[in-house]
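Asker: Mind looking over this structure? Questions follow.
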Amino acid sequence: MRLFAAVLSLVLLAVATAVPAGAQATPPSVKGLFLLTDYPAITVRPGTTTTVNLKLRNYGQPPERFALSVEGAPAGWTVTLLGGGQPVAAAMVASDDSTALQLRLDVPENAAMGTTQNLTVTAKGQSTQVALPVAVTLAKDLPAKLTIKAQLPSLRGTSKSAFEFQMEIKNDSGRNLVIALGAQAPKNFETSFTEQYGSQELSSIPIDAGQSKTAKLKVRPPNTTGANRYPVSVKASAEDASAETSVALEITGQPQLSIAGREGLISGNAEAGKQTTIPIFITNNGTAPADEIALSSSAPSGWKIEFEPKTLDAIAPGQNKEAQVRVTPAEKAIAGDYSTSFTATSRGETASTQFKVAVSTSTLWGLTGAGIIGVALLILVGAVARFGRR
């Protein structure tokens, strides 16, 4: 039995190796020159300009120069072959490569509706010639159709944030359009459209038929905007078509601090070398609580400034808290006005104010100074009287 199985295996192997190699080979690859388009039959409205995308494709043939021509265009039509955005009369395509072309049709407004014109685009070389028939039917085409959508329809930040939405606008029409852009935002919100990768502001954007482009919508809310959700309506319009979508700003709120003395004063009095207590008020004018508010100062050399307390726990929006500032000017400070700076900081929010301190000197120092001056005058008078007799 084992011997029979071994013999059978050898026979099957011999049969398999005897099958001609050509029977299992893959079909030969495509070779030659081809003139192609995705849409060889189109509908055009009289009085408009239409562009048909073409492709001259070379499969496995040597590079060659091909003369280009279009036949079959009725009188009054303007037919142009474009390459690289400009009219061309010939094209050269490398082996296993392709060259993009465009057939531009300018159809007169008085062309008869319901008729079909058969155009032929030809590429002719020394050894090869290819032709592509394109059927053009004249009719009232469908109305323009637009779509617009945001890649991220909702963004979150504070009232100091700049919100940027990437808006994709698509022209689903059969013709090129210039599309106007607009946005409706809450009162005092600033909106603008810019290029996707630039800063140039836009009011409209050209988009070819069947293509799409992306523009940036920038929205900047006022600094005093409260925490809430704010919708913004975005619109794209062209000719008889329009499209709308909506985006939203999720504003979380932001504290806004200010510092002032009692009854809004930003000045106080102190005596050189002596401690004086000045009350100050820290107010939160923002839309979110201010937490862990640290107090600090900047003062002239030799001065000593202390806060009581040094840190405030929290201040709710629209509320304030009082702190005491203990100011000790330098002992040798000259009488006059001095400027100090008081600062309050809470998690990135900082407020600072210049506080004027009027410094006076001690009365004892004034009397001592007057006595010294008097003694000096007496000594001077005595010296003059003594030496004057001689």
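Labeling convention for the structure tokens: chains A, B, ... as they appear, residues from 1 per chain, ligands from 1 in order of appearance.
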Using only C-alpha atoms, which residues of segment 58-157 of chain A come within 12 Å of segment 198-213 of chain A, and what is the closest atom pair for each, with the distance in Å to one decimal? Give it as a tab-separated table, sorted by chain and residue number.
Answerer:
residue	atom	partner	partner_atom	distance
A:Ala144	CA	A:Ala209	CA	9.6
A:Lys145	CA	A:Gly210	CA	9.7
A:Leu146	CA	A:Ser212	CA	9.6
A:Thr147	CA	A:Ser212	CA	9.1
A:Ile148	CA	A:Ser212	CA	9.4
A:Lys149	CA	A:Lys213	CA	11.1
A:Ala150	CA	A:Lys213	CA	11.9
Asker: How about saving the chosen residues, all heavy atoms kept, as a short mmCIF file (atom, residue, chain, number, x, y, z; two decimals), in the first residue's frame?
Answerer:
data_model
loop_
_atom_site.label_atom_id
_atom_site.label_comp_id
_atom_site.auth_asym_id
_atom_site.auth_seq_id
_atom_site.Cartn_x
_atom_site.Cartn_y
_atom_site.Cartn_z
N ALA A 144 -26.25 75.08 -9.15
CA ALA A 144 -25.01 74.90 -8.37
C ALA A 144 -25.34 74.26 -7.03
O ALA A 144 -26.40 74.47 -6.45
CB ALA A 144 -24.35 76.26 -8.16
N LYS A 145 -24.41 73.47 -6.53
CA LYS A 145 -24.58 72.79 -5.24
C LYS A 145 -23.30 72.92 -4.44
O LYS A 145 -22.22 72.62 -4.94
CB LYS A 145 -24.93 71.32 -5.47
CG LYS A 145 -25.18 70.56 -4.17
CD LYS A 145 -25.50 69.10 -4.42
CE LYS A 145 -25.68 68.35 -3.10
NZ LYS A 145 -25.95 66.91 -3.31
N LEU A 146 -23.42 73.36 -3.20
CA LEU A 146 -22.27 73.56 -2.33
C LEU A 146 -22.45 72.79 -1.04
O LEU A 146 -23.58 72.56 -0.58
CB LEU A 146 -22.10 75.05 -2.00
CG LEU A 146 -21.98 76.03 -3.16
CD1 LEU A 146 -21.94 77.45 -2.64
CD2 LEU A 146 -20.74 75.72 -3.98
N THR A 147 -21.34 72.41 -0.44
CA THR A 147 -21.35 71.85 0.91
C THR A 147 -20.23 72.51 1.71
O THR A 147 -19.20 72.88 1.15
CB THR A 147 -21.15 70.32 0.91
OG1 THR A 147 -19.89 70.01 0.27
CG2 THR A 147 -22.27 69.62 0.19
N ILE A 148 -20.46 72.66 3.00
CA ILE A 148 -19.46 73.23 3.89
C ILE A 148 -19.54 72.52 5.24
O ILE A 148 -20.64 72.28 5.75
CB ILE A 148 -19.65 74.76 4.06
CG1 ILE A 148 -18.57 75.33 4.96
CG2 ILE A 148 -21.04 75.09 4.57
CD1 ILE A 148 -18.55 76.85 5.00
N LYS A 149 -18.41 72.16 5.78
CA LYS A 149 -18.39 71.51 7.08
C LYS A 149 -17.08 71.82 7.79
O LYS A 149 -16.05 72.10 7.15
CB LYS A 149 -18.59 70.00 6.96
CG LYS A 149 -17.46 69.26 6.28
CD LYS A 149 -17.73 67.76 6.27
CE LYS A 149 -16.56 66.99 5.61
NZ LYS A 149 -16.80 65.53 5.65
N ALA A 150 -17.12 71.77 9.11
CA ALA A 150 -15.93 72.03 9.94
C ALA A 150 -15.31 70.71 10.34
O ALA A 150 -16.01 69.77 10.71
CB ALA A 150 -16.32 72.83 11.18
#
Asker: Please report as a Markdown table every residue of segment 237-340 of chain A lying within 12 Å of segment 216-232 of chain A, along with the nearest atom pair and their distance in Å (one decimal), using only C-alpha atoms.
Answerer:
| residue | atom | partner | partner_atom | distance |
| --- | --- | --- | --- | --- |
| A:Glu244 | CA | A:Val232 | CA | 10.6 |
| A:Thr245 | CA | A:Val232 | CA | 8.7 |
| A:Ser246 | CA | A:Val232 | CA | 5.7 |
| A:Val247 | CA | A:Val232 | CA | 5.3 |
| A:Ala248 | CA | A:Pro231 | CA | 4.3 |
| A:Leu249 | CA | A:Tyr230 | CA | 5.1 |
| A:Glu250 | CA | A:Arg229 | CA | 4.7 |
| A:Ile251 | CA | A:Ala227 | CA | 4.9 |
| A:Thr252 | CA | A:Ala227 | CA | 4.7 |
| A:Gly253 | CA | A:Ala227 | CA | 4.3 |
| A:Gln254 | CA | A:Ala227 | CA | 8.0 |
| A:Pro255 | CA | A:Thr224 | CA | 9.6 |
| A:Gln256 | CA | A:Thr224 | CA | 8.9 |
| A:Asn284 | CA | A:Thr224 | CA | 11.7 |
| A:Asn285 | CA | A:Thr224 | CA | 8.5 |
| A:Gly286 | CA | A:Thr224 | CA | 6.7 |
| A:Thr287 | CA | A:Gly226 | CA | 5.1 |
| A:Ala288 | CA | A:Ala227 | CA | 7.5 |
| A:Pro289 | CA | A:Ala227 | CA | 11.2 |
| A:Pro317 | CA | A:Gly226 | CA | 10.1 |
| A:Gly318 | CA | A:Gly226 | CA | 11.9 |
Asker: Counting only C-alpha atoms, which residue out of A:Thr276, A:Ser360, A:Ser298, A:Thr128 sits closest to Phe66 of chain A?
Answerer: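 The answer is A:Thr128, which sits nearest to Phe66 of chain A.
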Asker: Can you list, as a ChimeraX atom specification, every residue of segment 35-182 of chain A that DSSP puts in strand (DSSP E or B)?
Answerer: /A:35-36,41-44,49-59,64-71,78-83,86-87,90-93,97-106,116-124,129-138,146-150,154-157,163-171,177-182
Asker: Leaving out segment 301-310 of chain A and any residue of its chain fewer than 2 positions from it, which residues lie within 6 Å of it when counting only C-alpha atoms, given as number ranges by chain?
Answerer: A: 295, 323-330
Asker: For the residues in the current selection, export all heavy atoms as a tab-separated table (two decimals), in the first residue's frame.
Answerer:
chain	number	residue	atom	x	y	z
A	295	LEU	N	0.35	87.67	46.73
A	295	LEU	CA	0.61	89.11	46.72
A	295	LEU	C	2.10	89.36	46.81
A	295	LEU	O	2.81	88.70	47.58
A	295	LEU	CB	-0.11	89.79	47.89
A	295	LEU	CG	-1.63	89.58	47.94
A	295	LEU	CD1	-2.21	90.24	49.18
A	295	LEU	CD2	-2.29	90.15	46.70
A	323	ALA	N	-6.71	93.18	51.92
A	323	ALA	CA	-5.44	92.77	52.51
A	323	ALA	C	-4.76	94.02	53.07
A	323	ALA	O	-5.03	95.14	52.63
A	323	ALA	CB	-4.55	92.09	51.48
A	324	GLN	N	-3.90	93.81	54.05
A	324	GLN	CA	-3.18	94.92	54.68
A	324	GLN	C	-1.72	94.90	54.21
A	324	GLN	O	-1.09	93.85	54.18
A	324	GLN	CB	-3.23	94.80	56.21
A	324	GLN	CG	-4.64	94.72	56.77
A	324	GLN	CD	-5.49	95.93	56.45
A	324	GLN	OE1	-4.99	97.06	56.50
A	324	GLN	NE2	-6.75	95.70	56.10
A	325	VAL	N	-1.25	96.08	53.82
A	325	VAL	CA	0.14	96.22	53.38
A	325	VAL	C	0.89	97.02	54.44
A	325	VAL	O	0.53	98.17	54.73
A	325	VAL	CB	0.24	96.92	52.02
A	325	VAL	CG1	1.68	96.90	51.53
A	325	VAL	CG2	-0.67	96.26	51.00
A	326	ARG	N	1.90	96.42	55.02
A	326	ARG	CA	2.72	97.09	56.03
A	326	ARG	C	3.96	97.66	55.34
A	326	ARG	O	4.83	96.92	54.90
A	326	ARG	CB	3.11	96.11	57.13
A	326	ARG	CG	1.89	95.61	57.91
A	326	ARG	CD	2.25	94.47	58.83
A	326	ARG	NE	1.06	93.96	59.53
A	326	ARG	CZ	1.03	92.82	60.22
A	326	ARG	NH1	2.13	92.07	60.30
A	326	ARG	NH2	-0.07	92.45	60.83
A	327	VAL	N	4.00	98.98	55.27
A	327	VAL	CA	5.05	99.68	54.54
A	327	VAL	C	5.97	100.38	55.54
A	327	VAL	O	5.50	101.15	56.39
A	327	VAL	CB	4.45	100.71	53.57
A	327	VAL	CG1	5.56	101.45	52.83
A	327	VAL	CG2	3.50	100.03	52.59
A	328	THR	N	7.28	100.10	55.44
A	328	THR	CA	8.28	100.76	56.28
A	328	THR	C	9.33	101.38	55.36
A	328	THR	O	10.19	100.69	54.82
A	328	THR	CB	8.96	99.76	57.23
A	328	THR	OG1	7.96	99.07	57.98
A	328	THR	CG2	9.91	100.47	58.18
A	329	PRO	N	9.27	102.72	55.16
A	329	PRO	CA	10.30	103.36	54.34
A	329	PRO	C	11.67	103.31	55.02
A	329	PRO	O	11.79	103.10	56.23
A	329	PRO	CB	9.80	104.81	54.23
A	329	PRO	CG	8.34	104.74	54.57
A	329	PRO	CD	8.22	103.63	55.58
A	330	ALA	N	12.70	103.51	54.25
A	330	ALA	CA	14.07	103.52	54.80
A	330	ALA	C	14.19	104.66	55.83
A	330	ALA	O	13.56	105.71	55.70
A	330	ALA	CB	15.07	103.72	53.69
Asker: Measuring atom to atom with only C-alpha atoms, identify which of A:Leu119, A:Ile282, A:Leu265, A:Ala238 is nearest to Leu177 of chain A.
Answerer: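 Ranking A:Leu119, A:Ile282, A:Leu265, A:Ala238 by distance to Leu177 of chain A, first place goes to A:Ala238.
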Asker: Need to verify the contact set: Asn53 of chain A, 12 Å, only C-alpha atoms, exclusion of same-chain residues closer than 4 positions in sequence. Can you return it as number ranges by chain?
Answerer: A: 35-40, 42, 81-85, 99-105, 121, 134, 208-210
Asker: Include C-alpha atoms and write out the residues we just selected as a short mmCIF file (atom, residue, chain, number, x, y, z; two decimals), in the first residue's frame.
Answerer:
data_model
loop_
_atom_site.label_atom_id
_atom_site.label_comp_id
_atom_site.auth_asym_id
_atom_site.auth_seq_id
_atom_site.Cartn_x
_atom_site.Cartn_y
_atom_site.Cartn_z
CA LEU A 35 -5.98 59.34 -24.58
CA LEU A 36 -8.32 59.14 -21.58
CA THR A 37 -10.99 61.09 -19.72
CA ASP A 38 -13.22 60.20 -16.80
CA TYR A 39 -16.32 61.67 -18.45
CA PRO A 40 -16.47 61.28 -22.28
CA ILE A 42 -21.05 65.73 -20.69
CA LEU A 81 -6.50 72.51 -25.39
CA LEU A 82 -4.64 73.48 -22.22
CA GLY A 83 -1.53 72.04 -20.61
CA GLY A 84 -0.05 73.47 -17.43
CA GLY A 85 -2.67 76.22 -17.48
CA THR A 99 0.61 64.10 -19.21
CA ALA A 100 -2.43 66.01 -17.94
CA LEU A 101 -4.40 68.08 -20.46
CA GLN A 102 -7.65 70.05 -20.40
CA LEU A 103 -10.25 70.59 -23.09
CA ARG A 104 -11.84 74.01 -22.57
CA LEU A 105 -15.19 74.68 -24.22
CA VAL A 121 -9.54 65.04 -29.62
CA VAL A 134 -16.27 63.55 -26.47
CA ASP A 208 -13.23 74.33 -9.62
CA ALA A 209 -16.14 72.04 -10.49
CA GLY A 210 -16.18 68.94 -8.32
#
Asker: Find the spatial neighbours of Asn58 of chain A, counting only C-alpha atoms, within a cut-off of 7 Å - ignore same-chain residues fewer than 3 positions away - and output them as an MDAnalysis selection string.
Answerer: chainID A and resid 32:34 61 93:98
Asker: Of the candidates A:Lys31, A:Lys140, A:Arg57, A:Arg262, which one gets nearest to Gly174 of chain A if we count only C-alpha atoms?
Answerer: A:Lys140
Asker: Apply DSSP to the backbone of this structure and, from segment 8-191 of chain A, keep only the residues in alpha helix (DSSP H); write these as an MDAnalysis selection string.
Answerer: chainID A and resid 8:18
